[in-house]
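K.L.:
Sharing input-v9.txt below, compact mmCIF, C-alpha atoms:
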```
# COMPACT_ATOMS: atom_id res chain seq x y z
CA PHE A 1 -93.78 -63.76 62.70
CA TRP A 2 -91.26 -65.46 60.38
CA THR A 3 -93.20 -68.71 60.31
CA TRP A 4 -96.37 -66.80 59.54
CA MET A 5 -94.71 -65.07 56.57
CA GLY A 6 -93.23 -68.29 55.27
CA SER A 7 -89.59 -69.08 54.74
CA SER A 8 -89.41 -67.72 51.19
CA SER A 9 -90.78 -64.33 52.27
CA ALA A 10 -88.38 -64.24 55.19
CA THR A 11 -85.49 -65.04 52.87
CA ARG A 12 -86.54 -62.32 50.44
CA LEU A 13 -86.92 -59.80 53.25
CA GLY A 14 -83.51 -60.76 54.64
CA ARG A 15 -81.87 -60.40 51.23
CA PHE A 16 -83.55 -57.04 50.75
CA ALA A 17 -82.35 -55.83 54.16
CA LEU A 18 -78.83 -57.06 53.48
CA GLY A 19 -78.83 -55.42 50.04
CA LEU A 20 -80.06 -52.18 51.60
CA LEU A 21 -77.27 -52.40 54.20
CA TYR A 22 -74.63 -52.94 51.51
CA ALA A 23 -76.01 -50.08 49.40
CA SER A 24 -75.98 -47.80 52.45
CA LEU A 25 -72.40 -48.75 53.27
CA LEU A 26 -71.32 -48.16 49.66
CA ALA A 27 -73.02 -44.75 49.74
CA LEU A 28 -71.14 -43.98 52.96
CA CYS A 29 -67.86 -45.00 51.28
CA GLY A 30 -68.67 -42.72 48.35
CA TRP A 31 -69.51 -39.82 50.66
CA ALA A 32 -66.26 -40.33 52.63
CA ALA A 33 -64.25 -40.45 49.40
CA TYR A 34 -65.84 -37.21 48.18
CA ASP A 35 -65.59 -35.40 51.51
CA ILE A 36 -61.88 -36.20 51.93
CA ARG A 37 -61.05 -35.10 48.39
CA LEU A 38 -62.77 -31.70 48.81
CA TYR A 39 -60.38 -30.63 51.59
CA ALA A 40 -58.32 -28.38 49.30
CA ILE A 41 -61.40 -26.68 47.83
CA ARG A 42 -62.91 -26.03 51.25
CA ASN A 43 -59.68 -24.41 52.46
CA TYR A 44 -58.29 -22.69 49.35
CA GLY A 45 -61.19 -22.40 46.92
CA TYR A 46 -61.48 -23.65 43.34
CA VAL A 47 -57.78 -23.56 42.52
CA ILE A 48 -55.96 -25.92 40.18
CA HIS A 49 -52.57 -26.71 41.67
CA GLU A 50 -49.27 -28.11 40.33
CA PHE A 51 -47.78 -27.71 36.84
CA ASP A 52 -49.32 -30.63 34.91
CA PRO A 53 -52.88 -29.85 36.05
CA TRP A 54 -52.41 -26.26 34.82
CA PHE A 55 -51.32 -27.48 31.41
CA ASN A 56 -54.26 -29.92 31.35
CA PHE A 57 -56.63 -27.07 32.22
CA ARG A 58 -55.15 -24.92 29.44
CA ALA A 59 -55.67 -27.77 26.99
CA THR A 60 -59.25 -28.29 28.22
CA LYS A 61 -59.98 -24.58 27.87
CA TYR A 62 -58.55 -24.61 24.33
CA LEU A 63 -60.76 -27.58 23.43
CA ALA A 64 -63.85 -25.88 24.88
CA GLU A 65 -63.18 -22.61 23.05
CA ASN A 66 -61.89 -23.87 19.69
CA GLY A 67 -63.48 -27.27 19.14
CA TRP A 68 -62.38 -30.77 18.31
CA HIS A 69 -60.58 -30.18 15.01
CA ALA A 70 -58.55 -27.19 16.24
CA PHE A 71 -57.59 -29.05 19.41
CA PHE A 72 -56.11 -31.99 17.53
CA HIS A 73 -54.17 -29.66 15.22
CA TRP A 74 -53.04 -27.27 17.96
CA PHE A 75 -49.35 -26.40 18.01
CA ASP A 76 -48.63 -24.66 21.32
CA TYR A 77 -45.75 -22.19 21.08
CA LYS A 78 -45.93 -21.34 24.80
CA VAL A 79 -44.56 -24.69 26.00
CA TRP A 80 -41.15 -26.23 25.40
CA TYR A 81 -39.94 -22.79 24.34
CA PRO A 82 -38.49 -22.06 21.79
CA LEU A 83 -39.50 -25.27 20.01
CA GLY A 84 -43.17 -25.51 20.93
CA ARG A 85 -45.25 -28.66 21.10
CA PRO A 86 -47.84 -30.29 18.83
CA VAL A 87 -50.39 -30.80 21.60
CA GLY A 88 -53.00 -32.62 19.55
CA THR A 89 -50.68 -35.50 18.71
CA THR A 90 -48.72 -35.70 21.99
CA ILE A 91 -51.46 -35.64 24.62
CA TYR A 92 -53.82 -38.23 26.08
CA PRO A 93 -57.05 -36.29 25.42
CA GLY A 94 -59.50 -38.40 27.44
CA MET A 95 -59.56 -36.15 30.47
CA GLN A 96 -60.01 -32.98 28.43
CA ILE A 97 -62.81 -34.48 26.34
CA THR A 98 -64.55 -35.88 29.43
CA SER A 99 -64.31 -32.57 31.29
CA VAL A 100 -65.66 -30.52 28.39
CA ALA A 101 -68.51 -33.02 27.93
CA ILE A 102 -69.40 -32.79 31.64
CA TRP A 103 -69.16 -28.99 31.51
CA LYS A 104 -71.51 -28.84 28.50
CA LEU A 105 -74.00 -31.31 30.02
CA LEU A 106 -74.19 -29.73 33.49
CA PRO A 107 -76.47 -26.81 32.47
CA LEU A 108 -79.12 -29.39 31.57
CA PHE A 109 -79.21 -30.55 35.21
CA MET A 110 -78.26 -27.44 37.21
CA ARG A 111 -79.80 -24.00 37.43
CA ALA A 112 -76.48 -22.22 38.02
CA PRO A 113 -73.93 -23.90 35.78
CA LEU A 114 -70.34 -24.29 36.95
CA SER A 115 -67.45 -22.59 35.21
CA LEU A 116 -64.97 -24.74 33.29
CA ASN A 117 -62.40 -24.08 36.04
CA ASP A 118 -64.82 -25.36 38.72
CA VAL A 119 -65.62 -28.48 36.71
CA CYS A 120 -61.91 -29.18 36.19
CA CYS A 121 -61.32 -28.74 39.93
CA LEU A 122 -64.14 -31.15 40.83
CA VAL A 123 -63.54 -33.84 38.17
CA PRO A 124 -60.81 -35.60 40.21
CA ALA A 125 -63.08 -35.80 43.26
CA TRP A 126 -66.02 -37.06 41.19
CA PHE A 127 -63.91 -39.73 39.56
CA GLY A 128 -62.32 -40.59 42.91
CA VAL A 129 -65.79 -41.53 44.12
CA SER A 130 -66.56 -43.50 40.97
CA ALA A 131 -63.22 -45.36 41.22
CA THR A 132 -64.07 -46.22 44.83
CA LEU A 133 -67.44 -47.66 43.82
CA ALA A 134 -66.00 -49.40 40.74
CA LEU A 135 -63.36 -51.13 42.85
CA GLY A 136 -66.07 -52.23 45.28
CA ALA A 137 -68.06 -53.71 42.39
CA LEU A 138 -64.94 -55.38 40.96
CA THR A 139 -64.06 -56.93 44.33
CA ALA A 140 -67.63 -58.13 44.88
CA GLU A 141 -67.65 -59.69 41.42
CA CYS A 142 -64.29 -61.43 41.95
CA THR A 143 -65.04 -62.73 45.44
CA GLY A 144 -68.74 -63.39 45.04
CA THR A 145 -69.61 -61.43 48.19
CA TRP A 146 -70.62 -57.82 48.68
CA SER A 147 -69.00 -57.82 52.13
CA ALA A 148 -65.58 -57.89 50.47
CA GLY A 149 -66.74 -55.27 47.94
CA VAL A 150 -67.79 -52.88 50.70
CA ALA A 151 -64.50 -53.45 52.53
CA ALA A 152 -62.50 -52.76 49.34
CA ALA A 153 -64.53 -49.60 48.67
CA ALA A 154 -63.96 -48.42 52.25
CA ILE A 155 -60.20 -48.90 51.86
CA MET A 156 -60.14 -47.25 48.44
CA ALA A 157 -62.05 -44.24 49.81
CA VAL A 158 -59.33 -43.42 52.34
CA ILE A 159 -56.08 -44.88 50.98
CA PRO A 160 -53.51 -42.08 50.64
CA ALA A 161 -52.12 -43.22 47.28
CA HIS A 162 -55.54 -42.85 45.67
CA ILE A 163 -56.37 -39.62 47.49
CA MET A 164 -53.11 -38.08 46.29
CA ARG A 165 -54.05 -38.75 42.65
CA SER A 166 -57.70 -37.70 42.90
CA VAL A 167 -57.80 -34.70 45.24
CA ALA A 168 -59.97 -31.84 44.03
CA GLY A 169 -57.86 -29.34 42.12
CA GLY A 170 -55.31 -31.95 41.01
CA PHE A 171 -56.57 -32.09 37.44
CA ASP A 172 -54.35 -34.89 36.13
CA ASN A 173 -54.91 -38.04 34.07
CA GLU A 174 -54.66 -40.49 36.98
CA SER A 175 -57.94 -39.31 38.48
CA ILE A 176 -59.92 -40.52 35.48
CA ALA A 177 -57.59 -43.39 34.58
CA LEU A 178 -58.22 -45.29 37.82
CA THR A 179 -61.97 -45.20 37.26
CA ALA A 180 -61.49 -46.35 33.68
CA MET A 181 -59.22 -49.23 34.72
CA CYS A 182 -61.45 -50.47 37.55
CA THR A 183 -64.55 -50.25 35.36
CA THR A 184 -62.79 -52.03 32.49
CA PHE A 185 -61.61 -54.84 34.78
CA PHE A 186 -65.10 -55.14 36.30
CA CYS A 187 -66.70 -55.43 32.85
CA TRP A 188 -64.07 -57.95 31.75
CA VAL A 189 -64.54 -60.14 34.83
CA ARG A 190 -68.31 -59.79 34.56
CA SER A 191 -68.18 -60.92 30.93
CA LEU A 192 -66.25 -64.03 31.86
```
Turn the structure described in the file into structure tokens.

P.N.:
Amino acid sequence: FWTWMGSSSATRLGRFALGLLYASLLALCGWAAYDIRLYAIRNYGYVIHEFDPWFNFRATKYLAENGWHAFFHWFDYKVWYPLGRPVGTTIYPGMQITSVAIWKLLPLFMRAPLSLNDVCCLVPAWFGVSATLALGALTAECTGTWSAGVAAAAIMAVIPAHIMRSVAGGFDNESIALTAMCTTFFCWVRSL
């Protein structure tokens, strides 16, 4: 059969099969990463836990309700009482901006849109999956083999240090930051 197809066709078919295998394994890594991170939501519902995630949710809600200009000039009298805090100039706003953008774009793709709370609960899990895939791509680019990329993605999907920072409901900056760092490093290495 292989001699009848010719060596170039056999090579192309083999590469296609190998690429399909790698893509399937990366999809499995992404599914495992997402499934593990949804444990808290499956057991306790869409609840934001810990202090910092609650503040981040409050800031996200303020941005969604009051807009860009008000957010960056917001002086919050409820924190650091009695002094208050100028939130707009003392916060890293990337997570809030990203979450509001996702929340506003979701109705274009879903029939029943999610609440802002639900989006903020799911953002860490979504970005945990994207960090897993970004690290796989970075490793594949650095090593020159997708086998290493799949292995790195598999480890990243289940490593406790990453799970702890990207579990659903833990709405903190690290969940998005790891995706941003891995993607930045991948683009930098790719550009070289």

K.L.:
Within 10 Å of (-56.2, -44.0, 36.4), in the coordinates the file gives, what residues turn up when you count all atoms listed in the file, written out as a PyMOL selection string?

P.N.:
chain A and resi 127-128+131+162+165-166+172-182

K.L.:
Can you spit out the residues from that selection as a compact mmCIF listing (two decimals), in the frame of the given file, using C-alpha atoms?

P.N.:
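As a result, selection32.txt now contains:
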```
# COMPACT_ATOMS: atom_id res chain seq x y z
CA PHE A 127 -63.91 -39.73 39.56
CA GLY A 128 -62.32 -40.59 42.91
CA ALA A 131 -63.22 -45.36 41.22
CA HIS A 162 -55.54 -42.85 45.67
CA ARG A 165 -54.05 -38.75 42.65
CA SER A 166 -57.70 -37.70 42.90
CA ASP A 172 -54.35 -34.89 36.13
CA ASN A 173 -54.91 -38.04 34.07
CA GLU A 174 -54.66 -40.49 36.98
CA SER A 175 -57.94 -39.31 38.48
CA ILE A 176 -59.92 -40.52 35.48
CA ALA A 177 -57.59 -43.39 34.58
CA LEU A 178 -58.22 -45.29 37.82
CA THR A 179 -61.97 -45.20 37.26
CA ALA A 180 -61.49 -46.35 33.68
CA MET A 181 -59.22 -49.23 34.72
CA CYS A 182 -61.45 -50.47 37.55
```

K.L.:
What residues have an atom no more than 9 Å from (-63.3, -32.7, 31.1) in the file's own frame, counting only C-alpha atoms, and can you write them as a PDB file with C-alpha atoms, keeping the file's coordinate frame?

P.N.:
```
ATOM      1  CA  PHE A  57     -56.630 -27.070  32.220  1.00  0.00           C
ATOM      2  CA  THR A  60     -59.250 -28.290  28.220  1.00  0.00           C
ATOM      3  CA  GLY A  94     -59.500 -38.400  27.440  1.00  0.00           C
ATOM      4  CA  MET A  95     -59.560 -36.150  30.470  1.00  0.00           C
ATOM      5  CA  GLN A  96     -60.010 -32.980  28.430  1.00  0.00           C
ATOM      6  CA  ILE A  97     -62.810 -34.480  26.340  1.00  0.00           C
ATOM      7  CA  THR A  98     -64.550 -35.880  29.430  1.00  0.00           C
ATOM      8  CA  SER A  99     -64.310 -32.570  31.290  1.00  0.00           C
ATOM      9  CA  VAL A 100     -65.660 -30.520  28.390  1.00  0.00           C
ATOM     10  CA  ALA A 101     -68.510 -33.020  27.930  1.00  0.00           C
ATOM     11  CA  ILE A 102     -69.400 -32.790  31.640  1.00  0.00           C
ATOM     12  CA  TRP A 103     -69.160 -28.990  31.510  1.00  0.00           C
ATOM     13  CA  LEU A 116     -64.970 -24.740  33.290  1.00  0.00           C
ATOM     14  CA  VAL A 119     -65.620 -28.480  36.710  1.00  0.00           C
ATOM     15  CA  CYS A 120     -61.910 -29.180  36.190  1.00  0.00           C
ATOM     16  CA  VAL A 123     -63.540 -33.840  38.170  1.00  0.00           C
TER      17      VAL A 123
END
```

K.L.:
I'd like the neighbourhood of Ser191 (chain A) as a list in words, where a residue qualifies if any of its atoms comes within 12 Å (using all atoms listed in the file), though same-chain residues fewer than 6 positions away should be ignored.

P.N.:
Leu138, Glu141, Cys142, Thr184 and Phe185 of chain A

K.L.:
Considering only C-alpha atoms, state which residue in the set A:Leu114, A:Asp35, A:Glu65, A:Ala59 is at the smallest distance from Val79 (chain A).

P.N.:
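Closest candidate: A:Ala59.
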
K.L.:
Pick from A:Ala154, A:Tyr44, A:Lys78, A:Ala112: nearest to Ala32 (chain A), with all atoms listed in the file counted?

P.N.:
A:Ala154

K.L.:
Measuring atom to atom with all atoms listed in the file, identify which of A:Leu192, A:Val87, A:Ile159, A:Leu122 is nearest to Tyr62 (chain A).

P.N.:
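When distances to Tyr62 (chain A) are compared using all atoms listed in the file, the smallest one comes from A:Val87.
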
K.L.:
Please measure the separation of CA of Gly45 (chain A) and CA of Pro113 (chain A), giving the value in Å to one decimal.

P.N.:
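These atoms are spaced 17.0 Å apart.
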
K.L.:
Nearest to Lys61 (chain A) among A:Phe75, A:Leu28, A:Ala151, A:Ser115, with distances taken over all atoms listed in the file: which residue is it?

P.N.:
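Among A:Phe75, A:Leu28, A:Ala151, A:Ser115, it is A:Ser115 that comes nearest to Lys61 (chain A).
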
K.L.:
Which distance in Å separates CA of Gly30 (chain A) and CA of Phe51 (chain A), to one decimal?

P.N.:
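Answer for the CA of Gly30 (chain A) to CA of Phe51 (chain A) separation: 28.2 Å.
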
K.L.:
Find the residues around Ala157 (chain A) up to 12 Å (all atoms listed in the file counted), leave out those fewer than 3 positions away in its own chain, and share them as a PDB file with C-alpha atoms, in the frame of the given file.

P.N.:
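Writing the result to around_8.pdb gives the following:
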```pdb
ATOM      1  CA  LEU A  25     -72.400 -48.750  53.270  1.00  0.00           C
ATOM      2  CA  LEU A  26     -71.320 -48.160  49.660  1.00  0.00           C
ATOM      3  CA  ALA A  27     -73.020 -44.750  49.740  1.00  0.00           C
ATOM      4  CA  LEU A  28     -71.140 -43.980  52.960  1.00  0.00           C
ATOM      5  CA  CYS A  29     -67.860 -45.000  51.280  1.00  0.00           C
ATOM      6  CA  GLY A  30     -68.670 -42.720  48.350  1.00  0.00           C
ATOM      7  CA  TRP A  31     -69.510 -39.820  50.660  1.00  0.00           C
ATOM      8  CA  ALA A  32     -66.260 -40.330  52.630  1.00  0.00           C
ATOM      9  CA  ALA A  33     -64.250 -40.450  49.400  1.00  0.00           C
ATOM     10  CA  TYR A  34     -65.840 -37.210  48.180  1.00  0.00           C
ATOM     11  CA  ASP A  35     -65.590 -35.400  51.510  1.00  0.00           C
ATOM     12  CA  ILE A  36     -61.880 -36.200  51.930  1.00  0.00           C
ATOM     13  CA  ARG A  37     -61.050 -35.100  48.390  1.00  0.00           C
ATOM     14  CA  ALA A 125     -63.080 -35.800  43.260  1.00  0.00           C
ATOM     15  CA  TRP A 126     -66.020 -37.060  41.190  1.00  0.00           C
ATOM     16  CA  PHE A 127     -63.910 -39.730  39.560  1.00  0.00           C
ATOM     17  CA  GLY A 128     -62.320 -40.590  42.910  1.00  0.00           C
ATOM     18  CA  VAL A 129     -65.790 -41.530  44.120  1.00  0.00           C
ATOM     19  CA  SER A 130     -66.560 -43.500  40.970  1.00  0.00           C
ATOM     20  CA  ALA A 131     -63.220 -45.360  41.220  1.00  0.00           C
ATOM     21  CA  THR A 132     -64.070 -46.220  44.830  1.00  0.00           C
ATOM     22  CA  LEU A 133     -67.440 -47.660  43.820  1.00  0.00           C
ATOM     23  CA  ALA A 134     -66.000 -49.400  40.740  1.00  0.00           C
ATOM     24  CA  LEU A 135     -63.360 -51.130  42.850  1.00  0.00           C
ATOM     25  CA  GLY A 136     -66.070 -52.230  45.280  1.00  0.00           C
ATOM     26  CA  VAL A 150     -67.790 -52.880  50.700  1.00  0.00           C
ATOM     27  CA  ALA A 151     -64.500 -53.450  52.530  1.00  0.00           C
ATOM     28  CA  ALA A 152     -62.500 -52.760  49.340  1.00  0.00           C
ATOM     29  CA  ALA A 153     -64.530 -49.600  48.670  1.00  0.00           C
ATOM     30  CA  ALA A 154     -63.960 -48.420  52.250  1.00  0.00           C
ATOM     31  CA  PRO A 160     -53.510 -42.080  50.640  1.00  0.00           C
ATOM     32  CA  ALA A 161     -52.120 -43.220  47.280  1.00  0.00           C
ATOM     33  CA  HIS A 162     -55.540 -42.850  45.670  1.00  0.00           C
ATOM     34  CA  ILE A 163     -56.370 -39.620  47.490  1.00  0.00           C
ATOM     35  CA  MET A 164     -53.110 -38.080  46.290  1.00  0.00           C
ATOM     36  CA  SER A 166     -57.700 -37.700  42.900  1.00  0.00           C
ATOM     37  CA  VAL A 167     -57.800 -34.700  45.240  1.00  0.00           C
TER      38      VAL A 167
END
```

K.L.:
Using only C-alpha atoms, find the one residue out of A:Pro86, A:Gly169, A:Pro124, A:Pro93 that sits nearest to Glu50 (chain A).

P.N.:
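The answer is A:Gly169, which sits nearest to Glu50 (chain A).
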